[in-house]
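For reference, target35.cif is printed below; it contains mmCIF, C-alpha atoms and all ligand atoms.
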data_start
#
loop_
_atom_site.group_PDB
_atom_site.id
_atom_site.type_symbol
_atom_site.label_atom_id
_atom_site.label_comp_id
_atom_site.auth_asym_id
_atom_site.auth_seq_id
_atom_site.Cartn_x
_atom_site.Cartn_y
_atom_site.Cartn_z
ATOM 1 C CA MET A 28 -11.796 -12.537 11.221
ATOM 2 C CA SER A 29 -12.397 -14.827 8.296
ATOM 3 C CA ARG A 30 -14.881 -15.140 5.488
ATOM 4 C CA ARG A 31 -17.922 -17.348 5.894
ATOM 5 C CA PRO A 32 -19.469 -19.661 3.294
ATOM 6 C CA GLU A 33 -22.573 -17.481 3.146
ATOM 7 C CA ASP A 34 -20.551 -14.334 2.357
ATOM 8 C CA PRO A 35 -20.904 -12.969 -1.181
ATOM 9 C CA PRO A 36 -17.953 -13.436 -3.539
ATOM 10 C CA LEU A 37 -15.140 -10.929 -3.171
ATOM 11 C CA PHE A 38 -15.653 -7.868 -5.336
ATOM 12 C CA TYR A 39 -11.913 -7.109 -5.185
ATOM 13 C CA ARG A 40 -9.146 -9.566 -4.422
ATOM 14 C CA ALA A 41 -7.130 -6.863 -2.672
ATOM 15 C CA HIS A 42 -7.349 -3.254 -1.584
ATOM 16 C CA VAL A 43 -4.376 -0.942 -1.385
ATOM 17 C CA PHE A 44 -4.840 2.165 0.718
ATOM 18 C CA CYS A 45 -2.413 4.998 0.047
ATOM 19 C CA CYS A 46 -2.469 7.852 2.538
ATOM 20 C CA THR A 47 -2.658 11.205 0.787
ATOM 21 C CA ASN A 48 -3.377 13.228 3.917
ATOM 22 C CA GLU A 49 -2.005 16.763 4.013
ATOM 23 C CA ARG A 50 -1.099 18.752 7.098
ATOM 24 C CA PRO A 51 0.169 22.300 7.433
ATOM 25 C CA GLU A 52 3.889 22.902 7.024
ATOM 26 C CA GLY A 53 5.721 22.341 10.292
ATOM 27 C CA HIS A 54 3.163 19.949 11.832
ATOM 28 C CA PRO A 55 5.025 17.715 14.298
ATOM 29 C CA ARG A 56 3.765 14.492 12.701
ATOM 30 C CA GLY A 57 4.343 15.596 9.135
ATOM 31 C CA CYS A 58 2.128 14.141 6.436
ATOM 32 C CA CYS A 59 2.273 11.687 3.591
ATOM 33 C CA LYS A 60 1.240 14.215 0.954
ATOM 34 C CA GLY A 61 4.225 16.335 1.926
ATOM 35 C CA LYS A 62 6.402 13.279 1.124
ATOM 36 C CA GLY A 63 4.953 12.872 -2.356
ATOM 37 C CA SER A 64 2.229 10.328 -1.634
ATOM 38 C CA GLU A 65 -0.346 11.786 -3.999
ATOM 39 C CA ARG A 66 2.016 11.493 -6.978
ATOM 40 C CA LEU A 67 2.958 7.960 -5.915
ATOM 41 C CA ARG A 68 -0.676 6.927 -5.499
ATOM 42 C CA ASN A 69 -1.516 8.247 -8.964
ATOM 43 C CA TYR A 70 1.449 6.327 -10.373
ATOM 44 C CA MET A 71 0.333 3.158 -8.562
ATOM 45 C CA LYS A 72 -3.186 3.457 -9.931
ATOM 46 C CA ALA A 73 -1.940 3.957 -13.479
ATOM 47 C CA ARG A 74 0.556 1.073 -13.224
ATOM 48 C CA ALA A 75 -2.067 -1.273 -11.740
ATOM 49 C CA LYS A 76 -4.253 -0.523 -14.737
ATOM 50 C CA GLU A 77 -1.370 -1.106 -17.155
ATOM 51 C CA LEU A 78 -0.638 -4.419 -15.441
ATOM 52 C CA GLY A 79 -4.267 -5.502 -15.793
ATOM 53 C CA LEU A 80 -4.893 -5.757 -12.048
ATOM 54 C CA LYS A 81 -8.640 -5.381 -12.436
ATOM 55 C CA ASP A 82 -9.388 -7.214 -9.210
ATOM 56 C CA VAL A 83 -7.202 -4.904 -7.122
ATOM 57 C CA ARG A 84 -8.438 -1.511 -5.926
ATOM 58 C CA ILE A 85 -5.939 1.279 -5.371
ATOM 59 C CA ASN A 86 -7.537 3.822 -3.039
ATOM 60 C CA ALA A 87 -6.408 7.182 -1.760
ATOM 61 C CA SER A 88 -7.040 7.417 1.953
ATOM 62 C CA GLY A 89 -6.977 9.916 4.739
ATOM 63 C CA CYS A 90 -4.475 9.641 7.554
ATOM 64 C CA LEU A 91 -3.721 6.034 8.461
ATOM 65 C CA ASP A 92 -2.032 7.123 11.727
ATOM 66 C CA ARG A 93 1.458 5.971 10.784
ATOM 67 C CA CYS A 94 2.519 9.397 9.630
ATOM 68 C CA GLU A 95 6.112 9.294 10.831
ATOM 69 C CA LEU A 96 6.741 6.159 8.746
ATOM 70 C CA GLY A 97 5.054 7.425 5.591
ATOM 71 C CA PRO A 98 4.322 7.681 2.790
ATOM 72 C CA SER A 99 2.032 5.021 4.240
ATOM 73 C CA VAL A 100 0.517 2.203 2.207
ATOM 74 C CA VAL A 101 -1.374 -0.814 3.514
ATOM 75 C CA VAL A 102 -2.413 -3.854 1.497
ATOM 76 C CA TYR A 103 -5.490 -5.857 2.488
ATOM 77 C CA PRO A 104 -6.546 -8.555 3.100
ATOM 78 C CA GLU A 105 -2.991 -9.265 4.310
ATOM 79 C CA GLY A 106 -2.835 -6.083 6.395
ATOM 80 C CA VAL A 107 0.832 -5.560 5.586
ATOM 81 C CA TRP A 108 2.097 -1.966 5.839
ATOM 82 C CA TYR A 109 4.714 -0.413 3.603
ATOM 83 C CA THR A 110 6.678 2.818 3.394
ATOM 84 C CA VAL A 111 6.560 3.695 -0.297
ATOM 85 C CA ARG A 112 8.856 6.573 -1.287
ATOM 86 C CA THR A 113 9.600 6.108 -4.999
ATOM 87 C CA PRO A 114 8.020 4.801 -8.200
ATOM 88 C CA GLU A 115 10.385 1.824 -7.913
ATOM 89 C CA ASP A 116 8.903 1.094 -4.480
ATOM 90 C CA VAL A 117 5.422 1.256 -6.014
ATOM 91 C CA ASP A 118 6.469 -1.203 -8.721
ATOM 92 C CA GLU A 119 7.708 -3.641 -6.090
ATOM 93 C CA VAL A 120 4.510 -3.398 -4.033
ATOM 94 C CA LEU A 121 2.450 -4.103 -7.134
ATOM 95 C CA LYS A 122 4.648 -6.951 -8.349
ATOM 96 C CA THR A 123 5.470 -8.814 -5.182
ATOM 97 C CA PRO A 124 2.373 -8.808 -2.933
ATOM 98 C CA LEU A 125 -0.258 -8.317 -5.625
ATOM 99 C CA ILE A 126 1.054 -10.447 -8.484
ATOM 100 C CA GLU A 127 3.492 -12.940 -6.985
ATOM 101 C CA GLY A 128 1.972 -13.151 -3.526
ATOM 102 C CA GLY A 129 5.009 -12.342 -1.394
ATOM 103 C CA ARG A 130 6.198 -9.461 0.761
ATOM 104 C CA VAL A 131 8.599 -6.610 0.052
ATOM 105 C CA ARG A 132 10.520 -6.875 3.297
ATOM 106 C CA ARG A 133 12.760 -3.881 2.671
ATOM 107 C CA LEU A 134 9.675 -1.622 2.543
ATOM 108 C CA MET A 135 7.657 -3.197 5.363
ATOM 109 C CA MET A 136 6.958 -0.950 8.344
ATOM 110 C CA ASP A 137 6.706 -3.907 10.675
ATOM 111 C CA ALA A 138 9.200 -6.324 9.178
ATOM 112 C CA PRO A 139 10.294 -8.861 11.756
ATOM 113 C CA ALA A 140 13.787 -8.196 13.111
ATOM 114 C CA SER A 141 14.957 -11.412 11.492
ATOM 115 C CA ALA A 142 13.897 -10.217 8.033
ATOM 116 C CA THR A 143 16.599 -9.583 5.488
ATOM 117 C CA PRO A 144 16.244 -5.856 4.798
ATOM 118 C CA SER A 145 16.983 -5.754 1.096
ATOM 119 C CA THR A 146 15.169 -8.772 -0.282
ATOM 120 C CA ALA A 147 11.645 -9.588 -1.283
ATOM 121 C CA ASP A 148 10.063 -12.972 -0.818
HETATM 122 S S1 LIG B 1 -0.485 11.523 7.209
HETATM 123 FE FE1 LIG B 1 -0.227 9.585 6.229
HETATM 124 S S2 LIG B 1 -0.416 8.143 7.806
HETATM 125 FE FE2 LIG B 1 -0.848 10.061 8.732
#
For this file, write the structure as structure tokens.
Amino acid sequence: MSRRPEDPPLFYRAHVFCCTNERPEGHPRGCCKGKGSERLRNYMKARAKELGLKDVRINASGCLDRCELGPSVVVYPEGVWYTVRTPEDVDEVLKTPLIEGGRVRRLMMDAPASATPSTAD
């Protein structure tokens, strides 16, 4: 799917959805909130503001159905999924995809097998 000439201008350049879904203790799929996603999402929102990313929207979301790989974050329009566990991970997701335009391969859920696990590009 691509944009058409008659489409209105983008309101946001990018959306970041951070799953903050909570499930009861012991649920077989677990949940992102139980892995600290709410704290990480709040940190991401605050850091995006500090960095002046006014054209990027950081949204809390319900379950994104990738629970086992969470805390789950997806960046659109690229549609690249990340496992974001720490504030340092958040910083990388803000800096690399949203400022520099690359990917944080070490955090990607679906990184190609040929990707170098510990580098960003
Ligand atoms: S609970 Fe976060 S992806 Fe399902």
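Using all atoms listed in the file for every distance, the candidate list A:Arg30, A:Arg133, A:Lys81, A:Lys76 yields A:Arg133 as the residue closest to Arg112 (chain A).
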Please report, as AutoDock Vina command-line options, the centre and edge lengths in Å to one decimal of an axis-aligned box covering all listed atoms of ligand LIG 1 (chain B) with 3 Å per side.
--center_x -0.5 --center_y 9.8 --center_z 7.5 --size_x 6.6 --size_y 9.4 --size_z 8.5
Practice item. List every protein, DNA or RNA residue that has an atom no more than 6 Å from (-1.7, 8.5, 6.2) in the file's coordinate frame, counting only C-alpha atoms, and report them as a ChimeraX atom specification. Key: /A:46,48,59,89-92,94,99
Practice item. Would you translate the PyMOL selection byres (((chain A and resi 71-74) around 12) and not hetatm) into the concrete set of residues it matches in this file, as a ChimeraX atom specification? Key: /A:42-45,64-70,75-81,83-87,100,111-122,125
Point to revise | Selection under test: the PyMOL selection byres (((chain A and resi 108) around 10) and not hetatm); residues as a ChimeraX atom specification | key: /A:43-44,93,96-97,99-103,105-107,109-111,130-131,134-138
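CA of Arg50 (chain A) to CA of Pro124 (chain A) spans 29.5 Å [interatomic distance, one decimal].
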Check your understanding: Distance atom FE1 of ligand LIG 1 (chain B)-CA of Thr47 (chain A), one decimal place?
Key ->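 Distance reported for this atom pair: 6.2 Å.
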Exercise for review: Considering only C-alpha atoms and all ligand atoms, state which residue in the set A:Pro98, A:Pro51, A:Pro104, A:Gly129 is at the smallest distance from ligand LIG 1 (chain B).
Suggested key: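 Residue with the minimum atom-to-atom distance to ligand LIG 1 (chain B): A:Pro98.
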